[in-house]
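J.: Take a look at target_28.pdb, PDB, C-alpha atoms:
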```
ATOM      1  CA  HIS A   1      47.725  12.164  56.889
ATOM      2  CA  GLY A   2      48.930   9.633  59.432
ATOM      3  CA  PRO A   3      49.124   8.896  63.162
ATOM      4  CA  SER A   4      50.129  11.661  65.553
ATOM      5  CA  LEU A   5      53.609  11.809  67.075
ATOM      6  CA  PHE A   6      52.267  10.679  70.474
ATOM      7  CA  ASP A   7      50.195   7.748  69.156
ATOM      8  CA  ALA A   8      51.280   4.934  71.493
ATOM      9  CA  ARG A   9      48.776   2.213  70.542
ATOM     10  CA  HIS A  10      49.091   0.336  73.829
ATOM     11  CA  ARG A  11      49.472   2.078  77.169
ATOM     12  CA  PHE A  12      49.216   0.809  80.734
ATOM     13  CA  VAL A  13      49.418   3.025  83.822
ATOM     14  CA  ALA A  14      48.865   1.976  87.425
ATOM     15  CA  SER A  15      49.366   3.769  90.687
ATOM     16  CA  GLY A  16      49.000   2.841  94.307
ATOM     17  CA  THR A  17      49.435   4.155  97.816
ATOM     18  CA  TRP A  18      50.016   2.063 100.917
ATOM     19  CA  GLN A  19      50.134   3.328 104.478
ATOM     20  CA  LEU A  20      52.784   1.089 106.021
ATOM     21  CA  PRO A  21      51.447  -0.676 109.156
ATOM     22  CA  PHE A  22      54.766  -0.832 111.020
ATOM     23  CA  GLY A  23      55.407   0.608 114.453
ATOM     24  CA  SER A  24      51.885   1.410 115.663
ATOM     25  CA  ASN A  25      52.537  -0.515 118.898
ATOM     26  CA  LEU A  26      55.819   1.333 119.645
ATOM     27  CA  ARG A  27      56.153   4.326 121.974
ATOM     28  CA  GLY A  28      58.261   7.466 122.166
ATOM     29  CA  VAL A  29      61.100   8.242 119.789
ATOM     30  CA  SER A  30      61.076   4.823 118.106
ATOM     31  CA  LYS A  31      57.385   5.274 117.177
ATOM     32  CA  ALA A  32      58.157   8.738 115.779
ATOM     33  CA  PHE A  33      60.795   7.240 113.448
ATOM     34  CA  VAL A  34      59.084   4.004 112.410
ATOM     35  CA  HIS A  35      55.324   4.704 112.357
ATOM     36  CA  GLY A  36      53.393   6.705 109.756
ATOM     37  CA  TRP A  37      55.320   6.071 106.553
ATOM     38  CA  GLN A  38      53.480   5.896 103.238
ATOM     39  CA  ILE A  39      54.753   4.334 100.002
ATOM     40  CA  ASN A  40      53.511   5.547  96.602
ATOM     41  CA  ILE A  41      54.090   3.798  93.287
ATOM     42  CA  ILE A  42      53.375   4.862  89.703
ATOM     43  CA  GLY A  43      54.146   2.391  86.917
ATOM     44  CA  SER A  44      53.667   2.842  83.195
ATOM     45  CA  ALA A  45      54.408   0.922  80.006
ATOM     46  CA  ASN A  46      53.595   1.828  76.427
ATOM     47  CA  SER A  47      54.326   0.671  72.920
ATOM     48  CA  GLY A  48      56.452   2.766  70.590
ATOM     49  CA  THR A  49      55.429   6.056  69.040
ATOM     50  CA  PRO A  50      55.604   6.712  65.294
ATOM     51  CA  PHE A  51      58.128   8.773  63.380
ATOM     52  CA  THR A  52      58.515   9.944  59.787
ATOM     53  CA  VAL A  53      61.402   8.853  57.592
ATOM     54  CA  TYR A  54      62.579  11.782  55.474
ATOM     55  CA  ASP A  55      65.437  12.812  53.188
ATOM     56  CA  SER A  56      67.255  16.035  54.088
ATOM     57  CA  ALA A  57      68.669  16.182  50.549
ATOM     58  CA  ASN A  58      65.342  17.976  49.846
ATOM     59  CA  VAL A  59      64.656  16.432  46.438
ATOM     60  CA  SER A  60      61.102  17.854  46.467
ATOM     61  CA  LEU A  61      62.509  21.405  46.812
ATOM     62  CA  GLN A  62      60.031  22.257  49.582
ATOM     63  CA  ALA A  63      60.417  24.127  52.845
ATOM     64  CA  SER A  64      60.588  22.206  56.086
ATOM     65  CA  SER A  65      57.252  20.760  57.097
ATOM     66  CA  PRO A  66      55.945  22.122  59.390
ATOM     67  CA  PRO A  67      58.374  25.067  59.327
ATOM     68  CA  LEU A  68      59.159  24.895  63.067
ATOM     69  CA  SER A  69      60.107  21.200  63.024
ATOM     70  CA  ALA A  70      63.029  21.772  60.614
ATOM     71  CA  TYR A  71      62.318  18.403  58.934
ATOM     72  CA  PHE A  72      62.178  18.479  55.183
ATOM     73  CA  ALA A  73      58.980  17.435  53.419
ATOM     74  CA  SER A  74      61.009  15.240  51.053
ATOM     75  CA  ARG A  75      60.283  11.598  51.629
ATOM     76  CA  PRO A  76      61.692   8.492  49.966
ATOM     77  CA  ASN A  77      59.786   5.783  48.129
ATOM     78  CA  LEU A  78      58.580   2.961  50.357
ATOM     79  CA  ILE A  79      59.371  -0.531  49.020
ATOM     80  CA  GLY A  80      59.025  -2.691  52.151
ATOM     81  CA  ASP A  81      57.694  -2.816  55.706
ATOM     82  CA  PRO A  82      59.809  -0.386  57.774
ATOM     83  CA  ASN A  83      58.721  -2.084  61.026
ATOM     84  CA  ALA A  84      59.724  -5.629  59.992
ATOM     85  CA  GLY A  85      62.832  -7.385  61.188
ATOM     86  CA  SER A  86      64.800  -7.309  64.384
ATOM     87  CA  HIS A  87      65.208  -4.039  66.255
ATOM     88  CA  THR A  88      68.472  -3.160  67.967
ATOM     89  CA  VAL A  89      69.884   0.123  69.210
ATOM     90  CA  THR A  90      72.438   0.120  66.387
ATOM     91  CA  GLN A  91      69.839  -0.682  63.684
ATOM     92  CA  TRP A  92      66.217  -0.080  64.709
ATOM     93  CA  ILE A  93      65.063   0.472  61.143
ATOM     94  CA  GLY A  94      66.857  -0.505  57.940
ATOM     95  CA  ARG A  95      67.465   1.360  54.692
ATOM     96  CA  SER A  96      66.249  -1.635  52.667
ATOM     97  CA  SER A  97      62.607  -0.556  53.086
ATOM     98  CA  PHE A  98      63.247   2.747  51.285
ATOM     99  CA  VAL A  99      64.623   4.092  48.017
ATOM    100  CA  ARG A 100      65.915   7.656  47.899
ATOM    101  CA  LEU A 101      64.862   9.870  45.018
ATOM    102  CA  ASN A 102      67.598  11.173  42.741
ATOM    103  CA  PRO A 103      68.091  14.929  43.356
ATOM    104  CA  VAL A 104      68.975  15.567  39.703
ATOM    105  CA  THR A 105      66.621  13.383  37.650
ATOM    106  CA  GLN A 106      63.688  13.477  40.112
ATOM    107  CA  ALA A 107      63.976  17.082  41.383
ATOM    108  CA  GLY A 108      60.624  18.477  42.526
ATOM    109  CA  GLN A 109      59.088  15.023  43.029
ATOM    110  CA  PHE A 110      57.810  13.460  46.241
ATOM    111  CA  GLY A 111      58.326   9.883  47.408
ATOM    112  CA  ASN A 112      55.377   7.696  48.378
ATOM    113  CA  ALA A 113      56.405   7.041  52.021
ATOM    114  CA  GLY A 114      53.679   8.268  54.364
ATOM    115  CA  ARG A 115      53.823  10.354  57.500
ATOM    116  CA  ASN A 116      54.756   8.501  60.734
ATOM    117  CA  ILE A 117      54.844   5.033  59.133
ATOM    118  CA  ALA A 118      57.667   3.691  61.306
ATOM    119  CA  ARG A 119      57.430   2.906  65.024
ATOM    120  CA  GLY A 120      60.094   3.562  67.647
ATOM    121  CA  PRO A 121      60.803   1.606  70.824
ATOM    122  CA  GLY A 122      58.340   1.386  73.713
ATOM    123  CA  ALA A 123      58.914   2.688  77.224
ATOM    124  CA  VAL A 124      58.642   1.210  80.735
ATOM    125  CA  ASN A 125      58.905   3.270  83.913
ATOM    126  CA  LEU A 126      58.434   2.783  87.661
ATOM    127  CA  ASP A 127      58.501   5.690  90.121
ATOM    128  CA  VAL A 128      58.445   5.131  93.898
ATOM    129  CA  SER A 129      58.231   7.550  96.814
ATOM    130  CA  LEU A 130      58.381   7.106 100.576
ATOM    131  CA  VAL A 131      56.664   9.891 102.554
ATOM    132  CA  LYS A 132      56.201  10.642 106.250
ATOM    133  CA  ASP A 133      54.175  13.496 107.732
ATOM    134  CA  ILE A 134      55.294  14.681 111.160
ATOM    135  CA  PRO A 135      52.765  16.859 113.036
ATOM    136  CA  VAL A 136      54.381  19.891 114.661
ATOM    137  CA  ARG A 137      51.310  21.898 115.676
ATOM    138  CA  GLU A 138      47.608  21.766 114.907
ATOM    139  CA  ARG A 139      47.972  23.205 111.370
ATOM    140  CA  LEU A 140      51.701  22.735 110.840
ATOM    141  CA  ARG A 141      53.337  19.542 109.570
ATOM    142  CA  LEU A 142      56.795  18.596 108.435
ATOM    143  CA  GLN A 143      56.964  16.137 105.534
ATOM    144  CA  LEU A 144      59.989  13.934 104.805
ATOM    145  CA  ARG A 145      60.252  12.516 101.263
ATOM    146  CA  ALA A 146      62.467  10.019  99.466
ATOM    147  CA  GLU A 147      61.666   9.703  95.765
ATOM    148  CA  SER A 148      63.136   7.576  93.011
ATOM    149  CA  PHE A 149      62.185   8.029  89.365
ATOM    150  CA  ASN A 150      62.834   5.159  86.935
ATOM    151  CA  ILE A 151      63.809   3.047  89.933
ATOM    152  CA  GLY A 152      64.627   0.031  87.746
ATOM    153  CA  ASN A 153      67.045   2.192  85.707
ATOM    154  CA  HIS A 154      65.393   0.792  82.572
ATOM    155  CA  PRO A 155      66.696   2.377  79.354
ATOM    156  CA  ASN A 156      63.835   4.096  77.512
ATOM    157  CA  PHE A 157      65.257   4.752  74.068
ATOM    158  CA  SER A 158      64.247   7.661  71.835
ATOM    159  CA  VAL A 159      63.235   7.242  68.192
ATOM    160  CA  PRO A 160      66.102   6.494  65.815
ATOM    161  CA  VAL A 161      67.684   8.914  63.355
ATOM    162  CA  ALA A 162      65.058   9.225  60.622
ATOM    163  CA  ASP A 163      67.060  11.114  57.947
ATOM    164  CA  LEU A 164      67.952   8.774  55.070
ATOM    165  CA  ALA A 165      70.819  11.109  54.123
ATOM    166  CA  SER A 166      72.481  10.546  57.508
ATOM    167  CA  GLN A 167      75.085   7.840  57.960
ATOM    168  CA  ASN A 168      73.430   7.204  61.353
ATOM    169  CA  PHE A 169      70.025   6.430  59.785
ATOM    170  CA  GLY A 170      68.145   3.870  61.872
ATOM    171  CA  ARG A 171      70.454   4.147  64.904
ATOM    172  CA  ILE A 172      69.170   5.188  68.313
ATOM    173  CA  LEU A 173      71.463   7.867  69.696
ATOM    174  CA  SER A 174      69.607   8.981  72.827
ATOM    175  CA  ALA A 175      67.485   7.710  75.676
ATOM    176  CA  GLY A 176      65.314   9.038  78.476
ATOM    177  CA  PRO A 177      66.759   9.874  81.874
ATOM    178  CA  ALA A 178      68.441   7.243  84.044
ATOM    179  CA  ARG A 179      67.409   6.569  87.632
ATOM    180  CA  LEU A 180      67.080   9.725  89.688
ATOM    181  CA  THR A 181      66.781   9.623  93.477
ATOM    182  CA  GLN A 182      66.107  12.667  95.593
ATOM    183  CA  PHE A 183      65.395  13.453  99.215
ATOM    184  CA  GLY A 184      63.370  16.369 100.434
ATOM    185  CA  MET A 185      61.647  18.020 103.331
ATOM    186  CA  LYS A 186      58.539  20.210 103.130
ATOM    187  CA  VAL A 187      56.695  22.377 105.587
ATOM    188  CA  LEU A 188      52.900  22.071 105.201
ATOM    189  CA  PHE A 189      50.702  24.718 106.790
TER
END
```
Kindly present the structure from the file in structure tokens form.
T.:
Amino acid sequence: HGPSLFDARHRFVASGTWQLPFGSNLRGVSKAFVHGWQINIIGSANSGTPFTVYDSANVSLQASSPPLSAYFASRPNLIGDPNAGSHTVTQWIGRSSFVRLNPVTQAGQFGNAGRNIARGPGAVNLDVSLVKDIPVRERLRLQLRAESFNIGNHPNFSVPVADLASQNFGRILSAGPARLTQFGMKVLF
């Protein structure tokens, strides 16, 4: 029982297309190069998604839950707010909110920490494309494209290491892709 893995409580998405008005009064080759470009923008921002803090020491002696995720069902005891405090890449979530169960004296027991009680970092992204259709014949067009994904090269960090048994617990070790720019040409018929 708890929020889903993709539960971003706040999400904003906007998109727009603008036919650039440049070069309509030109003639010949210069009009062919300058006129008819279109710019497309997609922007999104969302708050962080939840994740479950677990203990791979498997004190509860259960299989992974669910079996395909390879995360153990063993959870620690919750003694504080896991989302409180400052959040940095080196320490997004602290150990002080949790107490690990003892694998010898508490074997077979479950901690009281719930599913997906901690929240990871949010994400911001802006994708931009510049497109031009060039008519070749009545039903044949050539399309030139320049596209840039994550144009601001904003780091969108993944959720931190959630295994209390790991020395990297609470650290963010990965991020989404950096800026990617590509150029292309398509034939539309």
J.: Translate the PyMOL selection byres ((chain A and resi 19-27) around 9) into a concrete residue list for this structure, as a PyMOL selection string.
T.: chain A and resi 17-18+28-40
J.: Find the residue from A:Thr90, A:Asn116, A:Ser60, A:Ser4 that sits nearest to Asn168 in chain A; use all atoms listed in the file when measuring.
T.: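 That would be A:Thr90, the residue with the smallest distance to Asn168 in chain A.
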J.: Which one is closest to Phe12 in chain A: A:Val124, A:Ala178, A:Ala162, A:Ser56? Count all atoms listed in the file.
T.: A:Val124
J.: Show me, as JSON, numbers by chain, the residues that have an atom within 9 Å of Pro76 in chain A when counting all atoms listed in the file, minus same-chain residues fewer than 6 positions from it.
T.: {"A": [53, 54, 55, 98, 99, 100, 101, 110, 111, 112, 113, 164]}
J.: Can you write just those residues out, C-alpha atoms, as a short mmCIF file (atom, residue, chain, number, x, y, z; two decimals), keeping the file's coordinate frame?
T.:
```cif
data_model
loop_
_atom_site.label_atom_id
_atom_site.label_comp_id
_atom_site.auth_asym_id
_atom_site.auth_seq_id
_atom_site.Cartn_x
_atom_site.Cartn_y
_atom_site.Cartn_z
CA VAL A 53 61.40 8.85 57.59
CA TYR A 54 62.58 11.78 55.47
CA ASP A 55 65.44 12.81 53.19
CA PHE A 98 63.25 2.75 51.28
CA VAL A 99 64.62 4.09 48.02
CA ARG A 100 65.92 7.66 47.90
CA LEU A 101 64.86 9.87 45.02
CA PHE A 110 57.81 13.46 46.24
CA GLY A 111 58.33 9.88 47.41
CA ASN A 112 55.38 7.70 48.38
CA ALA A 113 56.40 7.04 52.02
CA LEU A 164 67.95 8.77 55.07
#
```
J.: Counting only C-alpha atoms, write as a list in words all protein and nucleic acid residues lying at most 7 Å from (64.5, -1.7, 49.9) in the file's frame.
T.: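 In the file's frame, the residues around the point are Ile79, Gly80, Arg95, Ser96, Ser97, Phe98 and Val99 of chain A.
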J.: Would you translate the PyMOL selection byres ((chain A and resi 84) around 10) into the concrete set of residues it matches in this file, as a VMD selection string?
T.: chain A and resid 80 to 83 85 to 87 92 to 94 97 118
J.: Take the point (46.8, -2.2, 80.7) in the file's coordinates, draw a sphere of radius 10 Å around it, and report as a compact mmCIF listing (two decimals) with C-alpha atoms, keeping the file's coordinate frame every protein, DNA or RNA residue with an atom inside or on it, counting only C-alpha atoms.
T.:
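Contents of selection.txt, as written:
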```txt
# COMPACT_ATOMS: atom_id res chain seq x y z
CA HIS A 10 49.09 0.34 73.83
CA ARG A 11 49.47 2.08 77.17
CA PHE A 12 49.22 0.81 80.73
CA VAL A 13 49.42 3.02 83.82
CA ALA A 14 48.86 1.98 87.42
CA SER A 44 53.67 2.84 83.20
CA ALA A 45 54.41 0.92 80.01
CA ASN A 46 53.60 1.83 76.43
```
J.: Mind pulling up the distance from CA of His154 in chain A to CA of Thr88 in chain A?
T.: 15.4 Å
J.: Written as a PyMOL selection string, which residues does the PyMOL selection byres ((chain A and resi 8) around 10) give for the file shown?
T.: chain A and resi 3-7+9-11+45-50+119-120+122-123
J.: Name the closest residue to Ala107 in chain A among the candidates A:Ser158, A:Gln62, A:Ser129, A:Ser148; distances are taken between atoms, counting only C-alpha atoms.
T.: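 Among the listed residues, the smallest separation from Ala107 in chain A belongs to A:Gln62.
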J.: Calculated over all atoms listed in the file, which of the candidates A:Arg145, A:Arg171, A:Arg75, A:Arg137 has the smallest distance to Gln91 in chain A?
T.: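 Nearest candidate to Gln91 in chain A out of A:Arg145, A:Arg171, A:Arg75, A:Arg137: A:Arg171.
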J.: Using CA of Pro135 in chain A and CA of Ile151 in chain A as the two end points, give the distance in Å to one decimal.
T.: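 A separation of 29.1 Å between them.
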J.: Restricting the calculation to all atoms listed in the file, which member of A:Pro121, A:Leu126, A:Leu144, A:Ala57 is positioned closest to Ser174 in chain A?
T.: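 Selected residue with least distance to Ser174 in chain A: A:Pro121.
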